[in-house]
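Undergrad: Sharing final_15.tsv here; it has TSV, C-alpha atoms and all ligand atoms.
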```
chain	number	residue	atom	x	y	z
A	1	MET	CA	139.77	166.80	189.30
A	2	LYS	CA	136.33	168.11	188.36
A	3	SER	CA	135.71	166.63	184.97
A	4	VAL	CA	137.22	165.37	181.71
A	5	PRO	CA	135.14	165.82	178.56
A	6	PHE	CA	134.98	163.06	175.96
A	7	TYR	CA	136.58	165.42	173.49
A	8	ARG	CA	138.27	168.82	173.47
A	9	PRO	CA	139.26	170.36	170.11
A	10	ASN	CA	142.80	171.67	169.71
A	11	ILE	CA	142.78	174.82	167.59
A	12	SER	CA	146.20	176.49	167.42
A	13	GLU	CA	146.91	180.20	166.96
A	14	ASP	CA	148.15	179.32	163.50
A	15	VAL	CA	144.65	178.11	162.59
A	16	PHE	CA	143.10	181.39	163.77
A	17	ARG	CA	145.61	183.27	161.66
A	18	GLN	CA	144.94	181.18	158.54
A	19	VAL	CA	141.15	181.51	158.88
A	20	ASN	CA	141.52	185.24	159.44
A	21	ASP	CA	143.59	185.53	156.25
A	22	VAL	CA	140.88	183.79	154.23
A	23	LEU	CA	138.12	185.97	155.68
A	24	HIS	CA	140.08	189.07	154.69
A	25	SER	CA	141.05	187.78	151.27
A	26	GLY	CA	137.84	188.51	149.41
A	27	TRP	CA	137.40	184.83	148.44
A	28	ILE	CA	135.83	182.58	151.08
A	29	THR	CA	134.48	179.53	149.28
A	30	THR	CA	136.28	176.89	147.18
A	31	GLY	CA	139.52	178.35	145.85
A	32	THR	CA	143.26	178.36	146.33
A	33	LYS	CA	143.19	177.25	150.00
A	34	VAL	CA	141.22	174.13	149.05
A	35	LYS	CA	143.75	173.39	146.29
A	36	GLU	CA	146.64	173.80	148.71
A	37	PHE	CA	144.94	171.60	151.32
A	38	GLU	CA	144.21	168.88	148.75
A	39	TYR	CA	147.78	168.93	147.54
A	40	LYS	CA	149.43	168.88	150.99
A	41	PHE	CA	147.08	166.28	152.45
A	42	SER	CA	147.41	163.82	149.55
A	43	ALA	CA	151.18	164.32	149.26
A	44	MET	CA	151.65	163.74	152.98
A	45	LEU	CA	149.86	160.39	152.83
A	46	GLY	CA	151.50	159.28	149.59
A	47	SER	CA	148.57	159.63	147.21
A	48	THR	CA	148.47	161.58	143.95
A	49	ASN	CA	144.96	163.07	143.88
A	50	GLY	CA	142.90	164.56	146.68
A	51	ILE	CA	139.41	165.97	146.28
A	52	ALA	CA	138.22	167.96	149.28
A	53	VAL	CA	134.50	167.68	150.02
A	54	SER	CA	132.02	168.92	152.60
A	55	SER	CA	132.00	165.77	154.78
A	56	GLY	CA	133.25	162.23	155.12
A	57	THR	CA	129.73	161.16	154.21
A	58	ALA	CA	129.94	163.09	150.93
A	59	ALA	CA	133.33	161.48	150.27
A	60	LEU	CA	131.81	158.02	150.69
A	61	HIS	CA	128.82	158.87	148.50
A	62	LEU	CA	131.07	159.98	145.63
A	63	ALA	CA	133.43	157.03	146.11
A	64	TYR	CA	130.49	154.63	145.80
A	65	ILE	CA	129.23	156.36	142.65
A	66	VAL	CA	132.58	156.37	140.84
A	67	SER	CA	133.12	152.74	141.85
A	68	GLY	CA	130.07	152.04	139.69
A	69	LEU	CA	127.87	150.79	142.52
A	70	LYS	CA	124.24	150.78	141.54
A	71	LYS	CA	120.82	149.26	142.13
A	72	GLY	CA	120.92	145.67	143.32
A	73	ASP	CA	124.70	145.44	143.75
A	74	GLU	CA	125.74	143.66	146.91
A	75	VAL	CA	128.42	145.37	148.97
A	76	ILE	CA	130.18	143.70	151.88
A	77	VAL	CA	130.52	146.13	154.76
A	78	PRO	CA	130.92	146.00	158.54
A	79	SER	CA	127.79	146.70	160.57
A	80	PHE	CA	130.22	148.01	163.21
A	81	THR	CA	130.68	151.52	161.77
A	82	PHE	CA	129.05	154.94	161.74
A	83	CYS	CA	125.70	154.90	159.94
A	84	SER	CA	126.85	157.05	157.02
A	85	THR	CA	129.09	154.24	155.68
A	86	ILE	CA	125.89	152.22	155.18
A	87	ASN	CA	123.38	155.02	154.47
A	88	MET	CA	125.30	156.11	151.38
A	89	LEU	CA	125.14	152.57	150.00
A	90	ILE	CA	121.34	152.80	150.24
A	91	HIS	CA	121.43	156.13	148.37
A	92	VAL	CA	123.19	154.53	145.37
A	93	GLY	CA	120.72	151.64	145.48
A	94	ALA	CA	123.25	149.05	146.62
A	95	ILE	CA	122.46	146.31	149.13
A	96	PRO	CA	124.65	146.34	152.25
A	97	VAL	CA	125.72	142.82	153.16
A	98	PHE	CA	126.71	143.09	156.81
A	99	CYS	CA	129.89	141.27	157.69
A	100	ASP	CA	131.36	140.36	161.06
A	101	ILE	CA	134.58	141.72	162.53
A	102	ASP	CA	137.82	140.30	163.81
A	103	GLU	CA	137.80	140.27	167.61
A	104	GLN	CA	141.32	141.62	167.94
A	105	THR	CA	141.29	144.57	165.51
A	106	LEU	CA	137.48	145.11	165.41
A	107	CYS	CA	137.86	145.53	161.62
A	108	LEU	CA	136.35	143.30	158.90
A	109	ASP	CA	137.14	139.61	159.32
A	110	PRO	CA	138.56	138.38	155.96
A	111	LEU	CA	137.22	134.84	156.56
A	112	ASP	CA	133.69	136.14	157.04
A	113	ILE	CA	134.03	138.37	153.95
A	114	GLU	CA	134.70	135.35	151.77
A	115	HIS	CA	131.65	133.51	153.17
A	116	ARG	CA	129.42	136.39	152.09
A	117	ILE	CA	130.60	136.77	148.49
A	118	THR	CA	127.92	135.91	145.89
A	119	PRO	CA	127.73	136.48	142.10
A	120	LYS	CA	126.03	139.81	142.92
A	121	THR	CA	128.86	141.10	145.12
A	122	LYS	CA	130.50	144.19	143.61
A	123	ALA	CA	132.58	145.72	146.36
A	124	ILE	CA	133.99	145.55	149.86
A	125	VAL	CA	133.86	148.65	152.08
A	126	VAL	CA	136.58	148.57	154.71
A	127	VAL	CA	136.50	150.61	157.94
A	128	HIS	CA	139.81	151.09	159.77
A	129	TYR	CA	138.18	151.03	163.18
A	130	ALA	CA	139.48	153.48	165.84
A	131	GLY	CA	142.62	154.08	163.78
A	132	ILE	CA	143.94	150.54	163.34
A	133	SER	CA	144.19	149.24	159.79
A	134	ALA	CA	142.08	146.35	158.61
A	135	ASP	CA	144.02	143.37	157.21
A	136	MET	CA	144.37	145.00	153.78
A	137	ASP	CA	146.66	142.41	152.17
A	138	LYS	CA	144.07	139.69	152.73
A	139	ILE	CA	141.17	141.95	151.72
A	140	ASN	CA	142.88	143.18	148.52
A	141	GLU	CA	143.70	139.55	147.68
A	142	LEU	CA	140.04	138.56	148.03
A	143	ALA	CA	139.01	141.54	145.92
A	144	LYS	CA	141.41	140.49	143.18
A	145	LYS	CA	140.26	136.86	143.30
A	146	TYR	CA	136.56	137.79	142.99
A	147	HIS	CA	136.94	140.98	140.89
A	148	LEU	CA	135.59	143.33	143.54
A	149	LYS	CA	136.19	147.02	144.15
A	150	VAL	CA	137.56	148.07	147.54
A	151	ILE	CA	136.57	151.37	149.11
A	152	GLU	CA	138.26	152.39	152.36
A	153	ASP	CA	136.41	154.40	154.99
A	154	ALA	CA	139.43	156.04	156.62
A	155	ALA	CA	137.46	158.44	158.84
A	156	HIS	CA	139.48	157.16	161.83
A	157	ALA	CA	142.68	156.47	159.95
A	158	PHE	CA	144.48	159.75	159.34
A	159	MET	CA	148.17	158.80	159.74
A	160	THR	CA	147.41	155.12	160.32
A	161	LYS	CA	150.30	153.07	158.97
A	162	TYR	CA	149.87	149.65	157.42
A	163	LYS	CA	152.99	147.63	156.57
A	164	GLY	CA	155.24	150.61	155.97
A	165	HIS	CA	152.84	153.04	154.29
A	166	TYR	CA	150.05	155.39	155.26
A	167	ILE	CA	146.40	154.53	154.69
A	168	GLY	CA	145.67	156.48	151.50
A	169	ASN	CA	148.79	155.24	149.70
A	170	THR	CA	146.98	152.48	147.81
A	171	ASN	CA	145.14	151.75	144.57
A	172	ASN	CA	141.78	151.77	146.35
A	173	ILE	CA	139.60	154.84	146.80
A	174	VAL	CA	140.10	156.13	150.33
A	175	CYS	CA	137.68	158.46	152.16
A	176	PHE	CA	138.59	160.70	155.10
A	177	SER	CA	136.39	162.73	157.44
A	178	PHE	CA	137.37	166.04	159.05
A	179	TYR	CA	134.41	166.13	161.42
A	180	ALA	CA	135.01	168.05	164.67
A	181	THR	CA	136.18	165.06	166.73
A	182	LYS	CA	138.37	163.42	164.09
A	183	ASN	CA	142.19	163.41	164.36
A	184	LEU	CA	142.42	166.18	161.78
A	185	THR	CA	139.44	168.50	161.63
A	186	THR	CA	138.05	171.32	159.52
A	187	ALA	CA	134.88	171.42	161.74
A	188	GLU	CA	133.06	169.65	158.91
A	189	GLY	CA	134.76	168.29	155.83
A	190	GLY	CA	136.16	165.29	154.05
A	191	MET	CA	138.60	164.15	151.38
A	192	VAL	CA	138.67	161.46	148.73
A	193	LEU	CA	142.10	160.11	147.76
A	194	THR	CA	142.65	158.16	144.57
A	195	LYS	CA	145.69	157.46	142.43
A	196	ASN	CA	143.50	157.26	139.33
A	197	LYS	CA	143.49	160.68	137.66
A	198	LYS	CA	140.38	160.08	135.54
A	199	GLN	CA	138.48	158.93	138.60
A	200	ALA	CA	139.69	162.01	140.50
A	201	GLU	CA	138.38	164.30	137.77
A	202	ARG	CA	135.00	162.61	137.83
A	203	ILE	CA	134.80	162.89	141.62
A	204	ARG	CA	135.63	166.59	141.38
A	205	LEU	CA	132.92	167.17	138.79
A	206	LEU	CA	130.38	165.25	140.84
A	207	SER	CA	131.24	167.34	143.89
A	208	MET	CA	130.38	170.55	141.97
A	209	HIS	CA	127.00	169.96	140.30
A	210	GLY	CA	128.64	168.10	137.38
A	211	MET	CA	129.71	171.50	136.10
A	212	SER	CA	132.62	171.59	133.65
A	213	LYS	CA	136.15	172.22	134.89
A	214	ASN	CA	137.07	175.51	136.51
A	215	SER	CA	133.51	176.73	136.92
A	216	TRP	CA	134.39	177.27	140.56
A	217	ASN	CA	136.37	180.36	139.60
A	218	ARG	CA	133.68	181.88	137.40
A	219	TYR	CA	133.45	184.91	139.71
A	220	THR	CA	137.19	185.63	139.79
A	221	LYS	CA	139.05	188.17	137.67
A	222	ASP	CA	140.30	185.48	135.28
A	223	GLY	CA	137.14	183.37	135.45
A	224	GLN	CA	134.69	182.66	132.66
A	225	TRP	CA	130.99	183.30	133.07
A	226	LYS	CA	130.23	180.30	130.88
A	227	TYR	CA	129.67	176.91	132.43
A	228	ASP	CA	128.31	173.62	131.23
A	229	VAL	CA	126.56	170.86	133.17
A	230	LEU	CA	127.94	167.53	131.99
A	231	PHE	CA	125.77	165.39	134.29
A	232	PRO	CA	123.73	165.99	137.43
A	233	GLY	CA	126.15	166.25	140.32
A	234	PHE	CA	126.02	167.30	143.96
A	235	LYS	CA	126.94	170.35	146.00
A	236	TYR	CA	129.71	168.71	148.02
A	237	ASN	CA	132.61	171.18	147.73
A	238	LEU	CA	134.66	172.33	150.73
A	239	THR	CA	135.16	176.06	151.40
A	240	ASP	CA	138.46	177.92	151.70
A	241	ILE	CA	137.50	178.79	155.28
A	242	HIS	CA	137.31	175.11	156.21
A	243	ALA	CA	140.37	174.23	154.15
A	244	SER	CA	142.40	176.84	156.02
A	245	ILE	CA	141.47	175.19	159.33
A	246	GLY	CA	142.73	171.94	157.82
A	247	LEU	CA	145.95	173.55	156.58
A	248	GLY	CA	146.62	174.95	160.03
A	249	GLN	CA	146.03	171.52	161.56
A	250	LEU	CA	148.31	169.80	159.05
A	251	ASN	CA	151.20	171.85	160.43
A	252	TYR	CA	151.02	170.01	163.74
A	253	ALA	CA	149.57	166.70	162.57
A	254	GLN	CA	152.80	164.81	163.24
A	255	ASN	CA	153.06	166.34	166.68
A	256	SER	CA	149.44	165.51	167.45
A	257	HIS	CA	149.90	161.94	166.20
A	258	THR	CA	152.95	161.44	168.41
A	259	LYS	CA	150.98	162.72	171.39
A	260	ARG	CA	148.21	160.22	170.72
A	261	LEU	CA	150.74	157.38	170.68
A	262	THR	CA	151.98	158.56	174.08
A	263	ILE	CA	148.46	158.96	175.47
A	264	ALA	CA	147.53	155.40	174.43
A	265	ALA	CA	150.71	154.08	176.07
A	266	GLU	CA	149.98	156.05	179.27
A	267	TYR	CA	146.43	154.68	179.44
A	268	LYS	CA	147.73	151.15	178.92
A	269	LYS	CA	150.36	151.53	181.63
A	270	ARG	CA	147.67	152.52	184.14
A	271	LEU	CA	144.99	150.04	183.10
A	272	VAL	CA	147.19	146.98	182.68
A	273	ASN	CA	146.47	143.84	184.74
A	274	LEU	CA	142.81	144.53	185.31
A	275	PRO	CA	141.34	141.03	184.95
A	276	ASP	CA	137.94	142.32	183.78
A	277	LEU	CA	139.25	144.52	180.99
A	278	PHE	CA	140.44	144.06	177.41
A	279	LEU	CA	142.68	146.93	176.34
A	280	PRO	CA	142.94	148.01	172.69
A	281	GLU	CA	145.96	146.43	171.05
A	282	ASP	CA	148.65	147.69	168.73
A	283	PRO	CA	148.41	146.58	165.09
A	284	PRO	CA	149.22	142.89	164.60
A	285	TYR	CA	151.14	143.63	161.37
A	286	LYS	CA	154.78	144.63	160.96
A	287	ASP	CA	155.78	148.29	160.32
A	288	SER	CA	152.27	149.43	161.21
A	289	GLU	CA	150.97	152.17	163.47
A	290	HIS	CA	147.67	152.89	165.17
A	291	ALA	CA	146.28	156.44	164.72
A	292	TRP	CA	144.49	156.23	168.09
A	293	HIS	CA	141.41	158.13	166.98
A	294	LEU	CA	139.56	156.21	169.68
A	295	PHE	CA	140.78	154.47	172.81
A	296	THR	CA	138.17	151.76	173.19
A	297	ILE	CA	138.20	149.43	176.19
A	298	ARG	CA	136.08	146.28	176.55
A	299	LEU	CA	134.60	144.67	179.61
A	300	LYS	CA	135.02	140.90	179.87
A	301	ASP	CA	132.02	138.65	180.64
A	302	THR	CA	133.46	138.19	184.14
A	303	ALA	CA	133.18	141.91	184.98
A	304	ARG	CA	130.89	142.71	187.89
A	305	VAL	CA	129.62	145.87	186.25
A	306	THR	CA	127.80	146.19	182.97
A	307	ARG	CA	128.93	148.61	180.30
A	308	GLU	CA	125.91	150.83	181.12
A	309	GLU	CA	126.87	150.93	184.82
A	310	MET	CA	130.43	151.77	183.85
A	311	ILE	CA	129.28	154.68	181.66
A	312	ASN	CA	127.03	156.01	184.44
A	313	LYS	CA	129.68	155.71	187.13
A	314	LEU	CA	132.24	157.49	184.97
A	315	LYS	CA	129.65	160.14	184.19
A	316	SER	CA	129.09	160.70	187.92
A	317	ALA	CA	132.84	161.21	188.21
A	318	GLY	CA	132.59	163.85	185.49
A	319	ILE	CA	134.20	161.69	182.80
A	320	GLY	CA	132.72	161.77	179.30
A	321	THR	CA	132.66	158.50	177.35
A	322	SER	CA	130.94	157.23	174.23
A	323	VAL	CA	130.11	153.99	172.43
A	324	HIS	CA	131.46	153.40	168.92
A	325	PHE	CA	129.28	152.08	167.41
A	326	ILE	CA	125.74	150.85	167.74
A	327	PRO	CA	125.85	148.23	164.95
A	328	ASN	CA	123.81	149.30	161.95
A	329	HIS	CA	121.92	146.01	161.67
A	330	MET	CA	120.44	146.86	165.09
A	331	GLN	CA	119.14	150.28	163.94
A	332	SER	CA	115.40	150.54	163.19
A	333	TYR	CA	115.60	150.95	159.42
A	334	TYR	CA	118.13	148.20	158.83
A	335	ARG	CA	116.60	145.85	161.40
A	336	LYS	CA	113.25	146.06	159.63
A	337	ARG	CA	114.68	145.82	156.14
A	338	PHE	CA	117.24	143.04	156.76
A	339	LYS	CA	115.64	140.66	159.19
A	340	LYS	CA	117.41	137.98	161.23
A	341	ILE	CA	120.96	139.14	160.70
A	342	LYS	CA	123.32	137.56	163.21
A	343	LEU	CA	126.81	138.91	163.69
A	344	PRO	CA	128.06	137.21	166.88
A	345	ILE	CA	131.35	139.06	167.32
A	346	THR	CA	129.89	142.47	166.41
A	347	GLU	CA	127.03	141.99	168.90
A	348	LYS	CA	129.26	140.74	171.68
A	349	VAL	CA	131.76	143.57	171.19
A	350	TYR	CA	129.02	146.20	171.00
A	351	GLY	CA	127.62	145.08	174.37
A	352	SER	CA	130.93	145.51	176.14
A	353	ILE	CA	132.81	148.45	174.59
A	354	LEU	CA	133.35	151.97	175.79
A	355	SER	CA	135.48	154.76	174.28
A	356	LEU	CA	137.50	156.83	176.78
A	357	PRO	CA	138.50	160.49	176.32
A	358	MET	CA	141.23	160.57	173.64
A	359	PHE	CA	142.45	163.90	172.28
A	360	ASP	CA	145.90	165.40	171.93
A	361	THR	CA	145.55	167.96	174.74
A	362	ILE	CA	144.51	165.49	177.43
A	363	THR	CA	146.90	165.78	180.39
A	364	ILE	CA	148.70	163.11	182.38
A	365	ASN	CA	146.66	164.21	185.41
A	366	GLU	CA	143.46	163.61	183.47
A	367	ILE	CA	144.62	160.16	182.31
A	368	ASP	CA	145.57	159.39	185.92
A	369	TYR	CA	142.15	160.44	187.18
A	370	ILE	CA	140.24	158.45	184.54
A	371	SER	CA	142.36	155.34	185.12
A	372	LYS	CA	141.93	155.53	188.91
A	373	GLU	CA	138.16	155.87	188.55
A	374	ILE	CA	138.07	152.82	186.26
A	375	ARG	CA	140.16	150.80	188.73
A	376	LYS	CA	137.76	151.85	191.51
A	377	ILE	CA	134.72	150.76	189.51
A	378	LEU	CA	136.22	147.37	188.64
A	379	LYS	CA	137.44	146.58	192.18
A	401	LIG	C1	132.81	160.24	161.18
A	401	LIG	C2	132.63	159.03	160.35
A	401	LIG	C3	132.05	159.09	159.06
A	401	LIG	C4	131.33	160.30	158.53
A	401	LIG	O1	132.06	161.43	158.45
A	401	LIG	P1	131.32	162.87	158.44
A	401	LIG	O2	132.44	163.79	158.12
A	401	LIG	O3	130.75	163.08	159.79
A	401	LIG	O4	130.29	162.85	157.37
A	401	LIG	C5	132.03	157.94	158.31
A	401	LIG	N1	132.53	156.78	158.77
A	401	LIG	C6	133.06	156.67	160.00
A	401	LIG	C7	133.61	155.36	160.43
A	401	LIG	C8	133.11	157.79	160.84
A	401	LIG	O5	133.59	157.67	162.08
```
Using structure tokens, write down the structure that the file contains.

TA:
Amino acid sequence: MKSVPFYRPNISEDVFRQVNDVLHSGWITTGTKVKEFEYKFSAMLGSTNGIAVSSGTAALHLAYIVSGLKKGDEVIVPSFTFCSTINMLIHVGAIPVFCDIDEQTLCLDPLDIEHRITPKTKAIVVVHYAGISADMDKINELAKKYHLKVIEDAAHAFMTKYKGHYIGNTNNIVCFSFYATKNLTTAEGGMVLTKNKKQAERIRLLSMHGMSKNSWNRYTKDGQWKYDVLFPGFKYNLTDIHASIGLGQLNYAQNSHTKRLTIAAEYKKRLVNLPDLFLPEDPPYKDSEHAWHLFTIRLKDTARVTREEMINKLKSAGIGTSVHFIPNHMQSYYRKRFKKIKLPITEKVYGSILSLPMFDTITINEIDYISKEIRKILK
């Protein structure tokens, strides 16, 4: 075995065909393919409205705006997430209140959420880390008790199941990312799901300059040249080219999901009984399913190698790994702005985690090789 990359995209012939069709169609930006993608994606996950946007970050930005978040509002959010979850809060003027995570799921700890609620708290932003759902019943209950909005960052949670339903089938606003490494990709892209039709319309307007309905088709045969700007919006729309990549990927999403379940099980079989390792666990709720966006292992304190040594040794063996995530309260901007934040579980987990290659075309031979190298390092 020469090497295993951290990630290898899986683009089927069907995707090439769909993109080719769009390029030949005479209409390459937001149009019928986006509509079809929005409809199929939201229907598959059990939602009623999908608004496709240019990135997961854009999805979060719009979700924060339509949730009414504004200057001075406190928002409870994990530090243990990608920076865009937090950055977009800053752009609406809200104050991120970093919250610690549960050591088993690595998602928000409901007990710590409640400790951080103040009269200024307006919302909770949930991240379904690596593809496992946060404890949504408890979080929704807290939100109800304290009259808070809940926004779900589901960038890792395409096809994650929580107590019998998919993430996205809920009354909260749910944001997906279709970045290149995500479980479903359009190269770049995102989607907001909401069951509130009014909210969906506002998100759509905001994603297109705040221009009145149907302005997107002003250059088509049936389009109108007239348009009206109702309020200043953004340029966050997805193109038909990207949507067609997504449509192609949707056709084998179930297949890809099933493969990920198998890959996680194969990793676990090979890495079991290593005394220095915590393996990622299945969801602790009934009728729930992990999406296995990431396969994140953790070194115990007793391990004779540090996480850095582990990364370097795997790198020498040609194995790509990554760390998800460097907590945001440890990043320069947030460290300077919010001094003396202590999140014991987040910090401990960050120091010991490592994400292994996890993509639907990884082979059993590759999993074998990676597992053997890890066993060698920990011996
Ligand atoms: C990838 C990711 C995002 C951002 O998505 P983009 O499409 O890259 O803008 C947000 N949150 C989390 C947790 C992510 O992993």

Undergrad: Quick one: of A:Asn273, A:Asn328, A:Gln104, A:Asn365, who's nearest to ligand LIG 401 (chain A), counting all atoms listed in the file?

TA: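 Answer, going by the shortest atom-to-atom distance: A:Asn328.
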
Undergrad: Give me, as a count of residues only, the set of residues whose atoms come within 8 Å of any atom of ligand LIG 401 (chain A), counting all atoms listed in the file.

TA: 27

Undergrad: Which of these, A:Asn140, A:Thr296, A:Gln18, A:Asn171, has the shortest distance to Leu356 in chain A once you count all atoms listed in the file?

TA: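 Looking only at the distances to Leu356 in chain A, the closest residue turns out to be A:Thr296.
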
Undergrad: If you count all atoms listed in the file, which residues fall within 9 Å of range 239-245 of chain A, apart from same-chain ones fewer than 5 positions away, as a ChimeraX atom specification?

TA: /A:11,14-16,18-23,27-38,52-54,185-189,250

Undergrad: Calculate how many Å separate CA of Phe41 in chain A from CA of Tyr166 in chain A, rounding to one decimal.

TA: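 Atom-to-atom, CA of Phe41 in chain A and CA of Tyr166 in chain A are spaced 11.6 Å apart.
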
Undergrad: Pick from A:Ala264, A:Leu108, A:Val4, A:Ala43: nearest to Gly168 in chain A, with only C-alpha atoms counted?

TA: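 Closest residue, counting only C-alpha atoms: A:Ala43.
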
Undergrad: Quick one: residues within 9 Å of range 347-355 of chain A, all atoms listed in the file counted, chain neighbours fewer than 2 positions away excluded, as a PyMOL selection string?

TA: chain A and resi 6+80+103+106+294-301+306-308+310-311+321-327+342-345+357-358

Undergrad: Quick one, how far is CA of Val192 in chain A from CA of Thr48 in chain A?

TA: 10.9 Å

Undergrad: Between A:His329, A:His293, A:Lys372, A:Lys149, which is the closest to Asp360 in chain A once you count only C-alpha atoms?

TA: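 Checking each candidate against Asp360 in chain A, we get A:His293 as the closest.
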
Undergrad: Quick check, in Å to one decimal: how far apart do CA of Ile90 in chain A and CA of Phe338 in chain A lie?

TA: 12.4 Å

Undergrad: Return the single residue from A:Ile377, A:Leu89, A:Leu148, A:Met136 that is closest to Ile65 in chain A, with distances computed using all atoms listed in the file.

TA: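 Closest to Ile65 in chain A, using all atoms listed in the file: A:Leu89.
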
Undergrad: Got a sec: who's within 12 Å of His115 in chain A, counting all atoms listed in the file, leaving out chain neighbours fewer than 3 positions off, as a tab-separated table (two decimals) with C-alpha atoms, in the frame of the given file?

TA:
```tsv
chain	number	residue	atom	x	y	z
A	76	ILE	CA	130.18	143.70	151.88
A	97	VAL	CA	125.72	142.82	153.16
A	98	PHE	CA	126.71	143.09	156.81
A	99	CYS	CA	129.89	141.27	157.69
A	100	ASP	CA	131.36	140.36	161.06
A	109	ASP	CA	137.14	139.61	159.32
A	110	PRO	CA	138.56	138.38	155.96
A	111	LEU	CA	137.22	134.84	156.56
A	112	ASP	CA	133.69	136.14	157.04
A	118	THR	CA	127.92	135.91	145.89
A	121	THR	CA	128.86	141.10	145.12
A	142	LEU	CA	140.04	138.56	148.03
```

Undergrad: Edge lengths and centre in Å to one decimal, as lines of an AutoDock Vina configuration file, is what I'm after for the box along x, y and z that holds all listed atoms of range 307-323 of chain A once 4 Å is added on each side.

TA:
```
center_x = 130.1
center_y = 156.2
center_z = 180.3
size_x = 16.3
size_y = 23.2
size_z = 23.8
```

Undergrad: Determine, counting all atoms listed in the file, which protein, DNA and RNA residues have an atom within 8 Å of an atom of range 194-210 of chain A; residues of the same chain fewer than 3 positions away are not included. Present the result as a list of chain:residue names.

TA: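 Those residues are A:Ser47, A:Thr48, A:Asn49, A:Gly50, A:Ile51, A:Val53, A:Leu62, A:Ala63, A:Val66, A:Gly168, A:Thr170, A:Asn171, A:Asn172, A:Ile173, A:Val174, A:Lys213, A:Trp216, A:Val229, A:Leu230, A:Phe231, A:Pro232, A:Gly233, A:Phe234, A:Lys235, A:Tyr236, A:Asn237.
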
Undergrad: Smallest atom-to-atom distance to Asp135 in chain A: which of A:Ile86, A:Tyr267, A:Pro96, A:Pro284, using all atoms listed in the file?

TA: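 For Asp135 in chain A, the nearest of the given residues is A:Pro284.
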
Undergrad: Which residues, written as a list in words, have at least one atom at most 9 Å from Glu366 in chain A, with only C-alpha atoms counted and residues fewer than 4 positions away on the same chain left out?

TA: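 Once the adjacent positions are removed, what remains is Met1, Ser3, Val4, Ile362, Ile370 and Ser371 of chain A.
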